[in-house]
Amino acid sequence: QIPATRVFEDEHALAFMDIGHVNPGHVLVAVKKHAENLYALDDAQAAAVARISARLARAIRDAFGPEGLSVYQANGKAAGQTVFHYHVHLVPRHAGDGMELTWPVKNPPRDKLEEYAARIRRVL
C-alpha cells in the first residue's frame, strides 16, 4: 500500500528493495496472500518463496558480486519478527559490513538430539 521499488512479482509473491537497506542489493521477498509467519504458509506459498528467493539470490550475486549472502526470516516476537506478514530478507554480505548474528551453541549430547528428533517425527 506504500510506494515500493519492485524487483520481481508473480501471482504468489512480491520482491522489493528494503527501505532499511543494509547493503546494495538487499531485497525482501513477501507473500501476497497474508500469512503472519512460516507456520501459516500453505505449500504453494512456501514453494513460491523458496523458488523466487533462489532465483533472486543468483541475480543479486551476478549484479553486485557480494562475498556472500545471508537469508534471514523471523517467526514471532521472540525471534525478532517486527513485521507480522511473512517475508524473507536476502542480504548481500561483505567482510566487515557490520551485520552479525550470534549463535550460542549448546552442544547437547547425541542421545538428547535423538530425543528431540523423535518428538518432531511424532507430530509429522
# chains A, B, ... in the order shown; residues from 1 in each chain; ligands from 1

$ select_by_dssp --residues "region 47-121 of chain A" --states "strand (DSSP E or B)" --output "list in words"
Gly68, Leu69, Ser70, Val71, Tyr72, His87, Val88, His89, Leu90, Val91, Pro92 and Arg93 of chain A

$ residues_around --residues "Tyr72 (chain A)" --least-positions-apart "4" --cutoff "10 Å" --atoms "only C-alpha atoms" --output "PDB file with all heavy atoms, in the first residue's frame"
ATOM      1  N   LEU A  28      13.656  -7.914  -0.173  1.00  0.00           N
ATOM      2  CA  LEU A  28      12.683  -8.684   0.598  1.00  0.00           C
ATOM      3  C   LEU A  28      11.787  -9.436  -0.363  1.00  0.00           C
ATOM      4  O   LEU A  28      11.396  -8.889  -1.394  1.00  0.00           O
ATOM      5  CB  LEU A  28      11.797  -7.769   1.444  1.00  0.00           C
ATOM      6  CG  LEU A  28      12.320  -7.390   2.818  1.00  0.00           C
ATOM      7  CD1 LEU A  28      13.452  -6.418   2.696  1.00  0.00           C
ATOM      8  CD2 LEU A  28      11.207  -6.812   3.654  1.00  0.00           C
ATOM      9  N   HIS A  87       7.851 -12.702   5.235  1.00  0.00           N
ATOM     10  CA  HIS A  87       8.812 -12.196   4.261  1.00  0.00           C
ATOM     11  C   HIS A  87      10.199 -12.736   4.584  1.00  0.00           C
ATOM     12  O   HIS A  87      10.471 -13.141   5.707  1.00  0.00           O
ATOM     13  CB  HIS A  87       8.828 -10.668   4.224  1.00  0.00           C
ATOM     14  CG  HIS A  87       9.271 -10.042   5.510  1.00  0.00           C
ATOM     15  ND1 HIS A  87       8.471  -9.999   6.631  1.00  0.00           N
ATOM     16  CD2 HIS A  87      10.439  -9.437   5.846  1.00  0.00           C
ATOM     17  CE1 HIS A  87       9.124  -9.390   7.615  1.00  0.00           C
ATOM     18  NE2 HIS A  87      10.319  -9.055   7.164  1.00  0.00           N
ATOM     19  N   VAL A  88      11.040 -12.755   3.565  1.00  0.00           N
ATOM     20  CA  VAL A  88      12.416 -13.231   3.672  1.00  0.00           C
ATOM     21  C   VAL A  88      13.335 -12.096   3.233  1.00  0.00           C
ATOM     22  O   VAL A  88      13.077 -11.440   2.225  1.00  0.00           O
ATOM     23  CB  VAL A  88      12.644 -14.456   2.745  1.00  0.00           C
ATOM     24  CG1 VAL A  88      14.102 -14.868   2.724  1.00  0.00           C
ATOM     25  CG2 VAL A  88      11.765 -15.612   3.165  1.00  0.00           C
ATOM     26  N   HIS A  89      14.393 -11.867   4.001  1.00  0.00           N
ATOM     27  CA  HIS A  89      15.415 -10.897   3.613  1.00  0.00           C
ATOM     28  C   HIS A  89      16.539 -11.626   2.882  1.00  0.00           C
ATOM     29  O   HIS A  89      17.040 -12.643   3.371  1.00  0.00           O
ATOM     30  CB  HIS A  89      16.040 -10.234   4.850  1.00  0.00           C
ATOM     31  CG  HIS A  89      15.147  -9.288   5.555  1.00  0.00           C
ATOM     32  ND1 HIS A  89      15.223  -7.932   5.374  1.00  0.00           N
ATOM     33  CD2 HIS A  89      14.151  -9.497   6.449  1.00  0.00           C
ATOM     34  CE1 HIS A  89      14.318  -7.338   6.133  1.00  0.00           C
ATOM     35  NE2 HIS A  89      13.650  -8.273   6.804  1.00  0.00           N
ATOM     36  N   LEU A  90      16.944 -11.112   1.743  1.00  0.00           N
ATOM     37  CA  LEU A  90      18.138 -11.574   1.027  1.00  0.00           C
ATOM     38  C   LEU A  90      19.137 -10.425   1.143  1.00  0.00           C
ATOM     39  O   LEU A  90      18.935  -9.359   0.559  1.00  0.00           O
ATOM     40  CB  LEU A  90      17.809 -11.861  -0.435  1.00  0.00           C
ATOM     41  CG  LEU A  90      16.699 -12.884  -0.682  1.00  0.00           C
ATOM     42  CD1 LEU A  90      16.390 -12.988  -2.173  1.00  0.00           C
ATOM     43  CD2 LEU A  90      17.070 -14.238  -0.109  1.00  0.00           C
ATOM     44  N   VAL A  91      20.182 -10.635   1.920  1.00  0.00           N
ATOM     45  CA  VAL A  91      21.121  -9.560   2.226  1.00  0.00           C
ATOM     46  C   VAL A  91      22.505  -9.899   1.674  1.00  0.00           C
ATOM     47  O   VAL A  91      23.182 -10.799   2.185  1.00  0.00           O
ATOM     48  CB  VAL A  91      21.217  -9.312   3.749  1.00  0.00           C
ATOM     49  CG1 VAL A  91      22.117  -8.111   4.037  1.00  0.00           C
ATOM     50  CG2 VAL A  91      19.850  -9.124   4.372  1.00  0.00           C
TER      51      VAL A  91
END

$ residues_around --residues "Lys33 (chain A)" --least-positions-apart "4" --cutoff "9 Å" --atoms "only C-alpha atoms" --output "PDB file with C-alpha atoms, in the first residue's frame"
ATOM      1  CA  HIS A  12       2.285 -15.630  -5.119  1.00  0.00           C
ATOM      2  CA  ALA A  13       4.930 -13.137  -4.057  1.00  0.00           C
ATOM      3  CA  GLN A  45       3.347 -20.041  -0.852  1.00  0.00           C
TER       4      GLN A  45
END

$ closest_residue --among "A:Gly76, A:Pro92, A:Pro3, A:Pro24" --to "Ala57 (chain A)" --atoms "only C-alpha atoms"
A:Pro92

$ closest_residue --among "A:Ser70, A:Val83, A:Ala30, A:Ala4" --to "Met99 (chain A)" --atoms "only C-alpha atoms"
A:Ser70

$ residues_around --residues "Leu38 (chain A)" --least-positions-apart "4" --cutoff "12 Å" --atoms "only C-alpha atoms" --output "PyMOL selection string"
chain A and resi 30-31+34+42-43+45-47+49-50+73-76+81+84-88

$ write_last_selection --atoms "N, CA and C atoms" --output "short mmCIF file (atom, residue, chain, number, x, y, z; two decimals), in the first residue's frame"
data_model
loop_
_atom_site.label_atom_id
_atom_site.label_comp_id
_atom_site.auth_asym_id
_atom_site.auth_seq_id
_atom_site.Cartn_x
_atom_site.Cartn_y
_atom_site.Cartn_z
N ALA A 30 8.16 -11.18 -0.18
CA ALA A 30 6.98 -11.29 0.68
C ALA A 30 5.85 -12.00 -0.06
N VAL A 31 5.10 -12.81 0.68
CA VAL A 31 3.94 -13.46 0.08
C VAL A 31 2.85 -12.41 -0.14
N HIS A 34 -1.98 -12.93 2.69
CA HIS A 34 -1.48 -12.77 4.06
C HIS A 34 -1.21 -14.10 4.75
N ASP A 42 0.90 -21.80 3.23
CA ASP A 42 0.47 -23.05 2.62
C ASP A 42 1.62 -23.53 1.72
N ASP A 43 1.51 -24.74 1.20
CA ASP A 43 2.62 -25.33 0.43
C ASP A 43 2.95 -24.52 -0.82
N GLN A 45 2.62 -21.25 -1.26
CA GLN A 45 3.35 -20.04 -0.85
C GLN A 45 4.79 -20.38 -0.49
N ALA A 46 4.98 -21.43 0.27
CA ALA A 46 6.33 -21.83 0.69
C ALA A 46 7.20 -22.15 -0.53
N ALA A 47 6.64 -22.89 -1.47
CA ALA A 47 7.40 -23.24 -2.67
C ALA A 47 7.73 -22.00 -3.49
N VAL A 49 8.05 -18.83 -2.49
CA VAL A 49 9.07 -18.00 -1.84
C VAL A 49 10.45 -18.64 -1.97
N ALA A 50 10.54 -19.94 -1.81
CA ALA A 50 11.85 -20.61 -1.95
C ALA A 50 12.36 -20.48 -3.38
N GLN A 73 14.90 -14.74 8.07
CA GLN A 73 13.46 -14.77 8.22
C GLN A 73 13.16 -15.08 9.68
N ALA A 74 12.30 -14.29 10.31
CA ALA A 74 12.00 -14.47 11.73
C ALA A 74 10.51 -14.78 11.92
N ASN A 75 10.21 -15.61 12.93
CA ASN A 75 8.84 -16.02 13.23
C ASN A 75 8.54 -15.78 14.70
N GLY A 76 7.72 -14.80 14.97
CA GLY A 76 7.35 -14.47 16.35
C GLY A 76 8.25 -13.43 16.96
N GLN A 81 10.82 -11.02 15.02
CA GLN A 81 9.88 -10.58 13.99
C GLN A 81 9.25 -9.26 14.41
N PHE A 84 4.56 -8.45 10.93
CA PHE A 84 3.86 -9.72 11.06
C PHE A 84 3.12 -10.10 9.78
N HIS A 85 3.90 -10.15 8.71
CA HIS A 85 3.49 -10.64 7.40
C HIS A 85 4.72 -11.36 6.86
N TYR A 86 4.57 -12.62 6.43
CA TYR A 86 5.72 -13.43 6.05
C TYR A 86 6.56 -12.80 4.95
N HIS A 87 7.85 -12.70 5.24
CA HIS A 87 8.81 -12.20 4.26
C HIS A 87 10.20 -12.74 4.58
N VAL A 88 11.04 -12.75 3.56
CA VAL A 88 12.42 -13.23 3.67
C VAL A 88 13.33 -12.10 3.23
#

$ select_by_dssp --residues "chain A" --states "alpha helix (DSSP H)" --output "PyMOL selection string"
chain A and resi 43-64+110-123
